[in-house]
file coords12.txt (compact mmCIF, C-alpha atoms and all ligand atoms)
# COMPACT_ATOMS: atom_id res chain seq x y z
CA ILE A 920 -12.13 -7.62 -6.66
CA GLU A 921 -13.37 -4.78 -4.53
CA HIS A 922 -11.38 -2.03 -2.83
CA ILE A 923 -12.55 -1.84 0.75
CA ASP A 924 -11.71 -0.32 4.07
CA PHE A 925 -10.85 -2.94 6.68
CA HIS A 926 -10.48 -1.60 10.23
CA GLY A 927 -9.43 1.76 8.75
CA GLN A 928 -6.87 0.25 6.37
CA PRO A 929 -7.12 0.10 2.57
CA ALA A 930 -7.72 -3.50 1.60
CA LEU A 931 -8.84 -5.68 -1.26
CA HIS A 932 -11.70 -8.12 -1.18
CA LEU A 933 -11.29 -11.01 -3.59
CA VAL A 934 -14.30 -13.14 -4.47
CA THR A 935 -14.72 -15.97 -6.97
CA ALA A 936 -17.90 -17.25 -8.58
CA ALA A 937 -17.45 -20.53 -6.67
CA GLY A 938 -17.67 -18.60 -3.39
CA ALA A 939 -14.03 -18.37 -2.34
CA ARG A 940 -13.09 -15.09 -0.63
CA ALA A 941 -10.01 -13.36 0.71
CA ILE A 942 -9.15 -10.02 2.26
CA VAL A 943 -5.72 -8.52 1.67
CA SER A 944 -4.43 -5.42 3.42
CA LEU A 945 -2.11 -3.15 1.43
CA HIS A 946 -0.33 -2.52 4.71
CA GLY A 947 2.23 -5.32 4.72
CA ALA A 948 0.61 -7.08 1.72
CA GLN A 949 -1.01 -9.14 4.43
CA VAL A 950 -3.74 -11.65 3.70
CA LEU A 951 -6.11 -11.27 6.65
CA SER A 952 -8.89 -13.65 5.73
CA TRP A 953 -9.31 -16.62 3.44
CA ILE A 954 -12.60 -18.43 3.13
CA PRO A 955 -12.66 -21.24 0.56
CA PRO A 956 -15.99 -22.30 -0.97
CA GLY A 957 -18.07 -23.74 1.87
CA GLY A 958 -17.81 -20.67 4.01
CA GLU A 959 -15.30 -21.39 6.77
CA GLU A 960 -12.49 -19.03 7.69
CA ARG A 961 -9.14 -20.84 7.50
CA LEU A 962 -6.80 -18.07 8.71
CA TYR A 963 -6.60 -16.85 12.27
CA LEU A 964 -6.84 -13.11 12.86
CA SER A 965 -6.57 -12.00 16.47
CA PRO A 966 -9.62 -10.13 17.76
CA LEU A 967 -7.10 -7.81 19.45
CA ALA A 968 -5.06 -7.16 16.29
CA ARG A 969 -4.02 -3.53 15.82
CA PHE A 970 -4.63 -1.88 12.49
CA ASP A 971 -3.30 1.59 13.24
CA GLY A 972 0.19 0.82 11.94
CA SER A 973 1.68 0.90 15.45
CA ALA A 974 2.44 -2.82 15.25
CA ALA A 975 2.34 -5.64 12.75
CA ILE A 976 -1.16 -7.03 12.31
CA ARG A 977 -1.48 -10.15 14.49
CA GLY A 978 -2.77 -12.89 12.24
CA GLY A 979 -3.39 -13.79 8.63
CA VAL A 980 -0.18 -14.07 6.63
CA PRO A 981 2.47 -11.51 7.62
CA VAL A 982 5.33 -11.30 5.13
CA CYS A 983 8.63 -11.45 7.00
CA PHE A 984 11.33 -9.85 4.84
CA PRO A 985 14.27 -9.19 4.58
CA GLN A 986 14.84 -10.79 7.96
CA PHE A 987 13.13 -13.69 9.66
CA ALA A 988 12.67 -13.33 13.44
CA GLU A 989 15.84 -12.03 15.09
CA LEU A 990 18.32 -13.61 12.71
CA GLY A 991 19.95 -10.24 12.06
CA PRO A 992 20.12 -6.62 13.19
CA LEU A 993 16.79 -5.48 11.71
CA PRO A 994 13.54 -5.11 13.65
CA ARG A 995 12.02 -8.54 14.29
CA HIS A 996 10.75 -10.11 11.08
CA GLY A 997 12.07 -7.22 8.97
CA PHE A 998 10.13 -4.28 7.59
CA ALA A 999 7.87 -5.68 4.85
CA ARG A 1000 5.02 -6.38 7.26
CA THR A 1001 4.90 -2.84 8.60
CA ILE A 1002 4.94 -0.74 5.43
CA SER A 1003 2.50 -0.15 2.63
CA TRP A 1004 2.80 -2.11 -0.59
CA SER A 1005 1.41 -0.99 -3.96
CA LEU A 1006 -1.23 -2.79 -5.90
CA THR A 1007 0.18 -3.45 -9.36
CA ALA A 1008 -2.22 -5.97 -10.87
CA GLU A 1009 -5.66 -7.43 -10.28
CA ARG A 1010 -7.32 -10.07 -12.39
CA SER A 1011 -10.28 -12.30 -11.96
CA GLY A 1012 -12.04 -14.97 -13.97
CA LYS A 1013 -14.81 -17.45 -13.43
CA ASP A 1014 -12.95 -19.51 -10.85
CA PHE A 1015 -10.12 -17.34 -9.64
CA ALA A 1016 -9.09 -13.94 -8.36
CA LEU A 1017 -5.51 -12.71 -8.32
CA VAL A 1018 -3.83 -9.60 -6.99
CA THR A 1019 -0.21 -8.60 -7.15
CA LEU A 1020 1.37 -6.22 -4.66
CA THR A 1021 4.85 -4.83 -4.91
CA LEU A 1022 7.40 -3.16 -2.70
CA SER A 1023 10.71 -1.63 -3.64
CA ASP A 1024 13.46 0.08 -1.74
CA SER A 1025 12.92 3.60 -0.45
CA ASP A 1026 14.75 5.95 1.91
CA ALA A 1027 12.95 4.20 4.77
CA THR A 1028 14.02 0.69 3.74
CA ARG A 1029 17.57 1.73 2.82
CA ALA A 1030 17.97 3.31 6.26
CA LEU A 1031 17.48 -0.19 7.70
CA TRP A 1032 18.85 -2.33 4.89
CA PRO A 1033 21.10 -0.73 2.28
CA TYR A 1034 20.06 -2.78 -0.76
CA PRO A 1035 18.06 -1.81 -3.83
CA PHE A 1036 15.38 -4.46 -4.41
CA TRP A 1037 12.00 -5.08 -5.88
CA ALA A 1038 9.60 -7.55 -4.22
CA GLU A 1039 6.30 -8.83 -5.45
CA LEU A 1040 3.66 -10.89 -3.67
CA GLY A 1041 1.10 -12.64 -5.85
CA ILE A 1042 -2.06 -13.72 -4.04
CA LEU A 1043 -4.33 -16.12 -5.87
CA ILE A 1044 -7.53 -17.78 -4.76
CA GLU A 1045 -8.79 -20.54 -6.99
CA ASP A 1046 -11.25 -23.29 -6.05
CA SER A 1047 -10.24 -24.37 -2.54
CA ARG A 1048 -6.71 -23.08 -2.87
CA LEU A 1049 -4.80 -20.06 -1.65
CA ASP A 1050 -1.52 -19.52 -3.41
CA LEU A 1051 1.03 -16.97 -2.19
CA GLU A 1052 4.11 -16.35 -4.26
CA LEU A 1053 6.89 -14.03 -3.18
CA GLU A 1054 9.47 -12.88 -5.67
CA VAL A 1055 12.51 -10.80 -4.80
CA GLU A 1056 14.71 -9.18 -7.38
CA ASN A 1057 18.08 -7.65 -6.66
CA THR A 1058 18.00 -4.38 -8.60
CA GLY A 1059 21.37 -3.26 -7.26
CA SER A 1060 24.90 -3.88 -8.40
CA GLU A 1061 26.14 -6.14 -5.61
CA ALA A 1062 24.88 -9.43 -4.19
CA LEU A 1063 22.36 -9.31 -1.33
CA GLU A 1064 21.27 -11.84 1.27
CA PHE A 1065 18.03 -12.10 3.17
CA THR A 1066 15.91 -14.43 5.27
CA ALA A 1067 12.13 -14.45 4.91
CA ALA A 1068 8.88 -16.18 5.72
CA LEU A 1069 5.22 -16.27 4.96
CA HIS A 1070 4.19 -16.34 8.63
CA THR A 1071 0.84 -18.05 8.09
CA TYR A 1072 -1.55 -18.15 11.05
CA LEU A 1073 -3.86 -21.09 10.38
CA ALA A 1074 -7.21 -21.11 12.15
CA VAL A 1075 -7.87 -24.30 14.13
CA ARG A 1076 -10.91 -25.33 16.12
CA GLU A 1077 -8.75 -26.51 19.02
CA VAL A 1078 -4.99 -26.62 18.70
CA GLU A 1079 -4.58 -29.56 21.08
CA GLN A 1080 -6.80 -31.66 18.87
CA SER A 1081 -4.97 -30.77 15.67
CA ARG A 1082 -2.29 -32.98 14.12
CA LEU A 1083 0.36 -31.78 11.77
CA GLU A 1084 1.62 -34.54 9.51
CA GLY A 1085 4.67 -34.64 7.24
CA LEU A 1086 7.53 -33.40 9.41
CA HIS A 1087 8.78 -36.76 10.72
CA GLY A 1088 12.49 -37.34 10.28
CA TYR A 1089 13.36 -33.71 9.63
CA THR A 1090 15.93 -31.82 11.65
CA TYR A 1091 14.84 -28.65 13.41
CA HIS A 1092 16.16 -25.84 15.54
CA ASP A 1093 14.16 -25.73 18.73
CA GLN A 1094 13.71 -22.04 19.54
CA VAL A 1095 12.14 -22.82 22.93
CA ASP A 1096 15.28 -24.74 23.88
CA ALA A 1097 18.02 -22.20 23.06
CA GLY A 1098 18.00 -23.12 19.37
CA ARG A 1099 19.16 -26.71 19.99
CA THR A 1100 19.13 -29.01 16.99
CA ARG A 1101 16.80 -31.98 17.20
CA ARG A 1102 15.23 -34.51 14.92
CA ASP A 1103 11.50 -35.08 14.72
CA SER A 1104 10.76 -38.69 15.53
CA GLY A 1105 6.98 -38.71 15.92
CA ASP A 1106 4.60 -39.59 13.07
CA VAL A 1107 2.57 -36.48 13.73
CA LEU A 1108 3.26 -33.23 15.52
CA LEU A 1109 0.85 -32.52 18.37
CA ILE A 1110 0.84 -29.10 19.98
CA GLU A 1111 0.71 -29.50 23.74
CA ALA A 1112 3.15 -26.82 24.89
CA GLU A 1113 4.92 -23.74 23.58
CA THR A 1114 6.32 -24.68 20.18
CA ASP A 1115 8.73 -22.65 18.04
CA ARG A 1116 10.68 -24.76 15.57
CA ILE A 1117 12.54 -24.16 12.35
CA TYR A 1118 12.49 -27.40 10.33
CA HIS A 1119 15.22 -27.54 7.69
CA ASP A 1120 14.98 -28.52 4.06
CA VAL A 1121 11.42 -29.77 4.17
CA LYS A 1122 10.55 -31.48 0.92
CA ARG A 1123 7.21 -33.04 1.75
CA PRO A 1124 3.76 -31.49 1.64
CA LEU A 1125 2.19 -31.18 5.08
CA LEU A 1126 -1.29 -31.97 6.25
CA LEU A 1127 -3.00 -30.30 9.17
CA ARG A 1128 -5.73 -32.64 10.35
CA GLU A 1129 -8.64 -31.67 12.55
CA TYR A 1130 -11.49 -33.95 13.60
CA ASP A 1131 -13.78 -32.78 10.81
CA ARG A 1132 -11.57 -31.05 8.25
CA SER A 1133 -8.02 -30.88 6.93
CA LEU A 1134 -5.73 -28.43 5.25
CA GLY A 1135 -2.85 -29.20 2.91
CA VAL A 1136 0.19 -26.93 3.20
CA ASN A 1137 2.95 -27.04 0.66
CA ALA A 1138 5.73 -24.84 -0.48
CA ASP A 1139 8.30 -24.40 -3.17
CA GLY A 1140 11.41 -22.22 -3.12
CA PHE A 1141 11.27 -21.79 0.66
CA SER A 1142 13.56 -24.40 2.17
CA ASP A 1143 12.21 -24.43 5.71
CA VAL A 1144 9.00 -24.80 7.68
CA VAL A 1145 8.45 -22.93 10.93
CA VAL A 1146 5.85 -24.17 13.39
CA TRP A 1147 4.88 -21.75 16.11
CA ASN A 1148 2.34 -21.70 18.92
CA PRO A 1149 3.00 -19.44 21.93
CA TRP A 1150 0.89 -21.49 24.40
CA VAL A 1151 -0.18 -20.09 27.78
CA GLU A 1152 2.75 -18.21 29.28
CA ARG A 1153 4.23 -16.75 26.13
CA SER A 1154 0.73 -15.62 25.07
CA ALA A 1155 0.42 -13.62 28.24
CA THR A 1156 3.32 -11.45 27.02
CA ILE A 1157 1.68 -10.76 23.65
CA ALA A 1158 -0.66 -7.81 24.10
CA ASP A 1159 -2.56 -8.23 20.83
CA LEU A 1160 -3.45 -11.87 21.41
CA PRO A 1161 -6.31 -12.79 23.77
CA ALA A 1162 -5.57 -15.23 26.59
CA ASP A 1163 -7.20 -18.18 24.80
CA GLY A 1164 -6.13 -17.07 21.30
CA PHE A 1165 -3.34 -19.64 21.09
CA ARG A 1166 -5.95 -22.40 21.13
CA ARG A 1167 -7.47 -21.13 17.89
CA MET A 1168 -4.26 -20.76 15.86
CA LEU A 1169 -1.22 -22.60 14.63
CA CYS A 1170 1.46 -20.90 12.57
CA VAL A 1171 2.80 -23.13 9.81
CA GLU A 1172 5.21 -20.94 7.90
CA ALA A 1173 7.09 -21.28 4.65
CA ALA A 1174 10.49 -19.88 5.49
CA ALA A 1175 13.99 -19.30 4.22
CA ALA A 1176 15.62 -19.01 7.62
CA HIS A 1177 18.16 -21.69 8.28
CA ARG A 1178 20.37 -20.53 5.38
CA PRO A 1179 20.00 -17.00 4.02
CA VAL A 1180 19.00 -16.62 0.39
CA ARG A 1181 21.72 -15.02 -1.72
CA VAL A 1182 20.65 -13.11 -4.80
CA ASP A 1183 23.29 -11.81 -7.18
CA ALA A 1184 22.96 -8.40 -8.82
CA GLY A 1185 20.22 -8.45 -11.44
CA GLU A 1186 18.99 -11.89 -10.36
CA SER A 1187 15.82 -12.88 -8.58
CA TRP A 1188 14.46 -15.52 -6.22
CA TRP A 1189 10.96 -16.74 -5.63
CA GLY A 1190 9.14 -18.89 -3.08
CA ARG A 1191 5.57 -20.04 -2.79
CA GLN A 1192 3.20 -21.36 -0.13
CA THR A 1193 -0.04 -23.05 -1.09
CA LEU A 1194 -2.90 -23.91 1.25
CA VAL A 1195 -5.60 -26.32 0.11
CA ALA A 1196 -8.79 -26.73 2.12
CA LEU A 1197 -9.82 -30.39 2.24
O1 LIG B 1201 7.83 -17.55 13.60
C1 LIG B 1201 7.92 -17.69 14.96
C2 LIG B 1201 8.32 -16.40 15.60
O2 LIG B 1201 9.57 -15.98 15.12
C3 LIG B 1201 8.33 -16.64 17.11
O3 LIG B 1201 9.59 -16.74 17.68
C4 LIG B 1201 7.40 -15.57 17.66
O4 LIG B 1201 7.96 -14.62 18.41
C5 LIG B 1201 6.62 -15.13 16.44
O5 LIG B 1201 7.38 -15.38 15.31
C6 LIG B 1201 5.86 -13.82 16.42
O6 LIG B 1201 6.65 -12.70 16.29
P1 LIG B 1201 5.99 -11.26 16.40
O7 LIG B 1201 7.10 -10.28 16.17
O8 LIG B 1201 4.93 -11.18 15.32
O9 LIG B 1201 5.38 -11.17 17.77
call {"tool": "encode", "arguments": {"input": "coords12.txt", "output": "structure tokens"}}
result
Amino acid sequence: IEHIDFHGQPALHLVTAAGARAIVSLHGAQVLSWIPPGGEERLYLSPLARFDGSAAIRGGVPVCFPQFAELGPLPRHGFARTISWSLTAERSGKDFALVTLTLSDSDATRALWPYPFWAELGILIEDSRLDLELEVENTGSEALEFTAALHTYLAVREVEQSRLEGLHGYTYHDQVDAGRTRRDSGDVLLIEAETDRIYHDVKRPLLLREYDRSLGVNADGFSDVVVWNPWVERSATIADLPADGFRRMLCVEAAAAHRPVRVDAGESWWGRQTLVAL
């Protein structure tokens, strides 16, 4: 585990003996690159991403906390992705590398959200797996509620030729249709237009299939899965995404969005997303 400078930001470079690699920015505790053994990047990072702190970094795995999207009064996706986290542990062995970053309340967070908390993101690479585990502890004396997501931007060769399997039969809120509730009836999800869906209570592991490779996506603790691709017109409104960027990415997010998470005083919650390169 090496401390590096990545586009002017302090970052960590994780490497395992088997050849897996990841880059994690302390700003936002954001994983910006993950390359399993074999050498192919599996996360999308926009070539127009800004690293100067003026905006959230477009790509990798932004941590949305304590608010997902615009589900409350906070800035979109909360504040965790736009402030610096602290490195509290780093460990590596023959086949793995692990770092732990933490964030707790400060004057800046309390100005937006009045709760004392402690959050930890554990980032583990092992074999062909990337494991992200978010824990949130309520260090205050009254219950708190939040929504959250690991807003994972998966890299795809061509989004229209990718198939996301595992969501059939689940109910979702369709954010491109005024939040209407629908039920997924197809065997696979194909991305052929702007897509922004919150699938509820997803219990199955998902599989993103491309013509020559696949990626397993599963989660625990997070009840929902968000699938997002901005497609042509929406992309044009996103300054830090190139015009054809949407073709190279698909967000498959582990989220707690549909129902807020409630954490009583002194209690904690955790959620995990795991990606497995196949
Ligand atoms: O997770 C999907 C979403 O909430 C979309 O509605 C979309 O706007 C996206 O996140 C990106 O948000 P951002 O604030 O990073 O531009």
call {"tool": "axis_aligned_box", "arguments": {"input": "coords12.txt", "around": "ligand LIG 1201 (chain B)", "padding_each_side": "6 Å", "output": "AutoDock Vina command-line options"}}
result
--center_x 7.3 --center_y -14.0 --center_z 16.0 --size_x 16.7 --size_y 19.4 --size_z 16.8
call {"tool": "residues_around", "arguments": {"input": "coords12.txt", "residues": "Leu1083 in chain A", "least_positions_apart": "6", "cutoff": "6 Å", "atoms": "all atoms listed in the file", "output": "list in words"}}
result
Val1107, Leu1108, Leu1126 and Leu1127 of chain A
call {"tool": "atom_distance", "arguments": {"input": "coords12.txt", "atom1": "CA of Gln949 in chain A", "atom2": "CA of Asp1093 in chain A"}}
result
26.6 Å
call {"tool": "residues_near_ligand", "arguments": {"input": "coords12.txt", "ligand": "ligand LIG 1201 (chain B)", "cutoff": "10 Å", "atoms": "only C-alpha atoms and all ligand atoms", "output": "number ranges by chain"}}
result
A: 974-978, 981, 983, 987-990, 994-997, 1000, 1068-1072, 1094-1095, 1114-1117, 1144-1149, 1153-1154, 1156-1160, 1170-1174, 1176
call {"tool": "write_last_selection", "arguments": {"input": "coords12.txt", "atoms": "C-alpha atoms", "output": "PDB file, in the coordinates of the input"}}
result
ATOM      1  CA  ALA A 974       2.440  -2.820  15.250  1.00  0.00           C
ATOM      2  CA  ALA A 975       2.340  -5.640  12.750  1.00  0.00           C
ATOM      3  CA  ILE A 976      -1.160  -7.030  12.310  1.00  0.00           C
ATOM      4  CA  ARG A 977      -1.480 -10.150  14.490  1.00  0.00           C
ATOM      5  CA  GLY A 978      -2.770 -12.890  12.240  1.00  0.00           C
ATOM      6  CA  PRO A 981       2.470 -11.510   7.620  1.00  0.00           C
ATOM      7  CA  CYS A 983       8.630 -11.450   7.000  1.00  0.00           C
ATOM      8  CA  PHE A 987      13.130 -13.690   9.660  1.00  0.00           C
ATOM      9  CA  ALA A 988      12.670 -13.330  13.440  1.00  0.00           C
ATOM     10  CA  GLU A 989      15.840 -12.030  15.090  1.00  0.00           C
ATOM     11  CA  LEU A 990      18.320 -13.610  12.710  1.00  0.00           C
ATOM     12  CA  PRO A 994      13.540  -5.110  13.650  1.00  0.00           C
ATOM     13  CA  ARG A 995      12.020  -8.540  14.290  1.00  0.00           C
ATOM     14  CA  HIS A 996      10.750 -10.110  11.080  1.00  0.00           C
ATOM     15  CA  GLY A 997      12.070  -7.220   8.970  1.00  0.00           C
ATOM     16  CA  ARG A1000       5.020  -6.380   7.260  1.00  0.00           C
ATOM     17  CA  ALA A1068       8.880 -16.180   5.720  1.00  0.00           C
ATOM     18  CA  LEU A1069       5.220 -16.270   4.960  1.00  0.00           C
ATOM     19  CA  HIS A1070       4.190 -16.340   8.630  1.00  0.00           C
ATOM     20  CA  THR A1071       0.840 -18.050   8.090  1.00  0.00           C
ATOM     21  CA  TYR A1072      -1.550 -18.150  11.050  1.00  0.00           C
ATOM     22  CA  GLN A1094      13.710 -22.040  19.540  1.00  0.00           C
ATOM     23  CA  VAL A1095      12.140 -22.820  22.930  1.00  0.00           C
ATOM     24  CA  THR A1114       6.320 -24.680  20.180  1.00  0.00           C
ATOM     25  CA  ASP A1115       8.730 -22.650  18.040  1.00  0.00           C
ATOM     26  CA  ARG A1116      10.680 -24.760  15.570  1.00  0.00           C
ATOM     27  CA  ILE A1117      12.540 -24.160  12.350  1.00  0.00           C
ATOM     28  CA  VAL A1144       9.000 -24.800   7.680  1.00  0.00           C
ATOM     29  CA  VAL A1145       8.450 -22.930  10.930  1.00  0.00           C
ATOM     30  CA  VAL A1146       5.850 -24.170  13.390  1.00  0.00           C
ATOM     31  CA  TRP A1147       4.880 -21.750  16.110  1.00  0.00           C
ATOM     32  CA  ASN A1148       2.340 -21.700  18.920  1.00  0.00           C
ATOM     33  CA  PRO A1149       3.000 -19.440  21.930  1.00  0.00           C
ATOM     34  CA  ARG A1153       4.230 -16.750  26.130  1.00  0.00           C
ATOM     35  CA  SER A1154       0.730 -15.620  25.070  1.00  0.00           C
ATOM     36  CA  THR A1156       3.320 -11.450  27.020  1.00  0.00           C
ATOM     37  CA  ILE A1157       1.680 -10.760  23.650  1.00  0.00           C
ATOM     38  CA  ALA A1158      -0.660  -7.810  24.100  1.00  0.00           C
ATOM     39  CA  ASP A1159      -2.560  -8.230  20.830  1.00  0.00           C
ATOM     40  CA  LEU A1160      -3.450 -11.870  21.410  1.00  0.00           C
ATOM     41  CA  CYS A1170       1.460 -20.900  12.570  1.00  0.00           C
ATOM     42  CA  VAL A1171       2.800 -23.130   9.810  1.00  0.00           C
ATOM     43  CA  GLU A1172       5.210 -20.940   7.900  1.00  0.00           C
ATOM     44  CA  ALA A1173       7.090 -21.280   4.650  1.00  0.00           C
ATOM     45  CA  ALA A1174      10.490 -19.880   5.490  1.00  0.00           C
ATOM     46  CA  ALA A1176      15.620 -19.010   7.620  1.00  0.00           C
TER      47      ALA A1176
END
call {"tool": "atom_distance", "arguments": {"input": "coords12.txt", "atom1": "CA of Leu1125 in chain A", "atom2": "CA of Leu1086 in chain A"}}
result
7.2 Å
call {"tool": "closest_residue", "arguments": {"input": "coords12.txt", "among": "A:Leu931, A:Val1182, A:Leu964, A:Leu1017", "to": "Glu1052 in chain A", "atoms": "all atoms listed in the file"}}
result
A:Leu1017
call {"tool": "residues_around", "arguments": {"input": "coords12.txt", "residues": "Glu1045 in chain A", "least_positions_apart": "5", "cutoff": "10 Å", "atoms": "only C-alpha atoms", "output": "list in words"}}
result
Val934, Thr935, Ala936, Ala937, Gly938, Ala939, Arg940, Pro955, Pro956, Ser1011, Gly1012, Lys1013, Asp1014, Phe1015, Ala1016, Leu1017, Asp1050 and Val1195 of chain A
call {"tool": "residues_around", "arguments": {"input": "coords12.txt", "residues": "Glu1079 in chain A", "least_positions_apart": "6", "cutoff": "8 Å", "atoms": "all atoms listed in the file", "output": "number ranges by chain"}}
result
A: 1109-1111, 1166
call {"tool": "closest_residue", "arguments": {"input": "coords12.txt", "among": "A:Arg1101, A:Arg1167, A:Arg961, A:His1177", "to": "Trp1150 in chain A", "atoms": "all atoms listed in the file"}}
result
A:Arg1167
call {"tool": "atom_distance", "arguments": {"input": "coords12.txt", "atom1": "CA of Ser1133 in chain A", "atom2": "CA of Leu1197 in chain A"}}
result
5.0 Å
call {"tool": "residues_around", "arguments": {"input": "coords12.txt", "residues": "Gly1185 in chain A", "least_positions_apart": "2", "cutoff": "8 Å", "atoms": "all atoms listed in the file", "output": "PyMOL selection string"}}
result
chain A and resi 1056-1060+1183+1187
call {"tool": "residues_around", "arguments": {"input": "coords12.txt", "residues": "Tyr1089 in chain A", "least_positions_apart": "3", "cutoff": "9 Å", "atoms": "only C-alpha atoms", "output": "PyMOL selection string"}}
result
chain A and resi 1086+1101-1104+1118-1121
call {"tool": "write_last_selection", "arguments": {"input": "coords12.txt", "atoms": "C-alpha atoms", "output": "mmCIF file, in the coordinates of the input"}}
result
data_model
loop_
_atom_site.group_PDB
_atom_site.id
_atom_site.type_symbol
_atom_site.label_atom_id
_atom_site.label_comp_id
_atom_site.auth_asym_id
_atom_site.auth_seq_id
_atom_site.Cartn_x
_atom_site.Cartn_y
_atom_site.Cartn_z
ATOM 1 C CA LEU A 1086 7.530 -33.400 9.410
ATOM 2 C CA ARG A 1101 16.800 -31.980 17.200
ATOM 3 C CA ARG A 1102 15.230 -34.510 14.920
ATOM 4 C CA ASP A 1103 11.500 -35.080 14.720
ATOM 5 C CA SER A 1104 10.760 -38.690 15.530
ATOM 6 C CA TYR A 1118 12.490 -27.400 10.330
ATOM 7 C CA HIS A 1119 15.220 -27.540 7.690
ATOM 8 C CA ASP A 1120 14.980 -28.520 4.060
ATOM 9 C CA VAL A 1121 11.420 -29.770 4.170
#
call {"tool": "closest_residue", "arguments": {"input": "coords12.txt", "among": "A:Tyr1034, A:Gly1041, A:Ser1047, A:Gly1085", "to": "Arg1010 in chain A", "atoms": "all atoms listed in the file"}}
result
A:Gly1041
call {"tool": "closest_residue", "arguments": {"input": "coords12.txt", "among": "A:Leu1043, A:Leu993, A:Ala968, A:Leu962", "to": "Leu933 in chain A", "atoms": "only C-alpha atoms"}}
result
A:Leu1043
call {"tool": "residues_near_point", "arguments": {"input": "coords12.txt", "point": "(4.9, -11.2, -6.8)", "cutoff": "6 Å", "atoms": "all atoms listed in the file", "output": "JSON, numbers by chain"}}
result
{"A": [1019, 1039, 1040, 1041, 1052, 1053, 1054]}
call {"tool": "closest_residue", "arguments": {"input": "coords12.txt", "among": "A:Glu1061, A:Glu1113, A:Glu1129, A:Glu1009", "to": "Pro1033 in chain A", "atoms": "all atoms listed in the file"}}
result
A:Glu1061
call {"tool": "closest_residue", "arguments": {"input": "coords12.txt", "among": "A:Ile920, A:Pro966, A:Thr1193, A:Pro929", "to": "Ala1162 in chain A", "atoms": "all atoms listed in the file"}}
result
A:Pro966
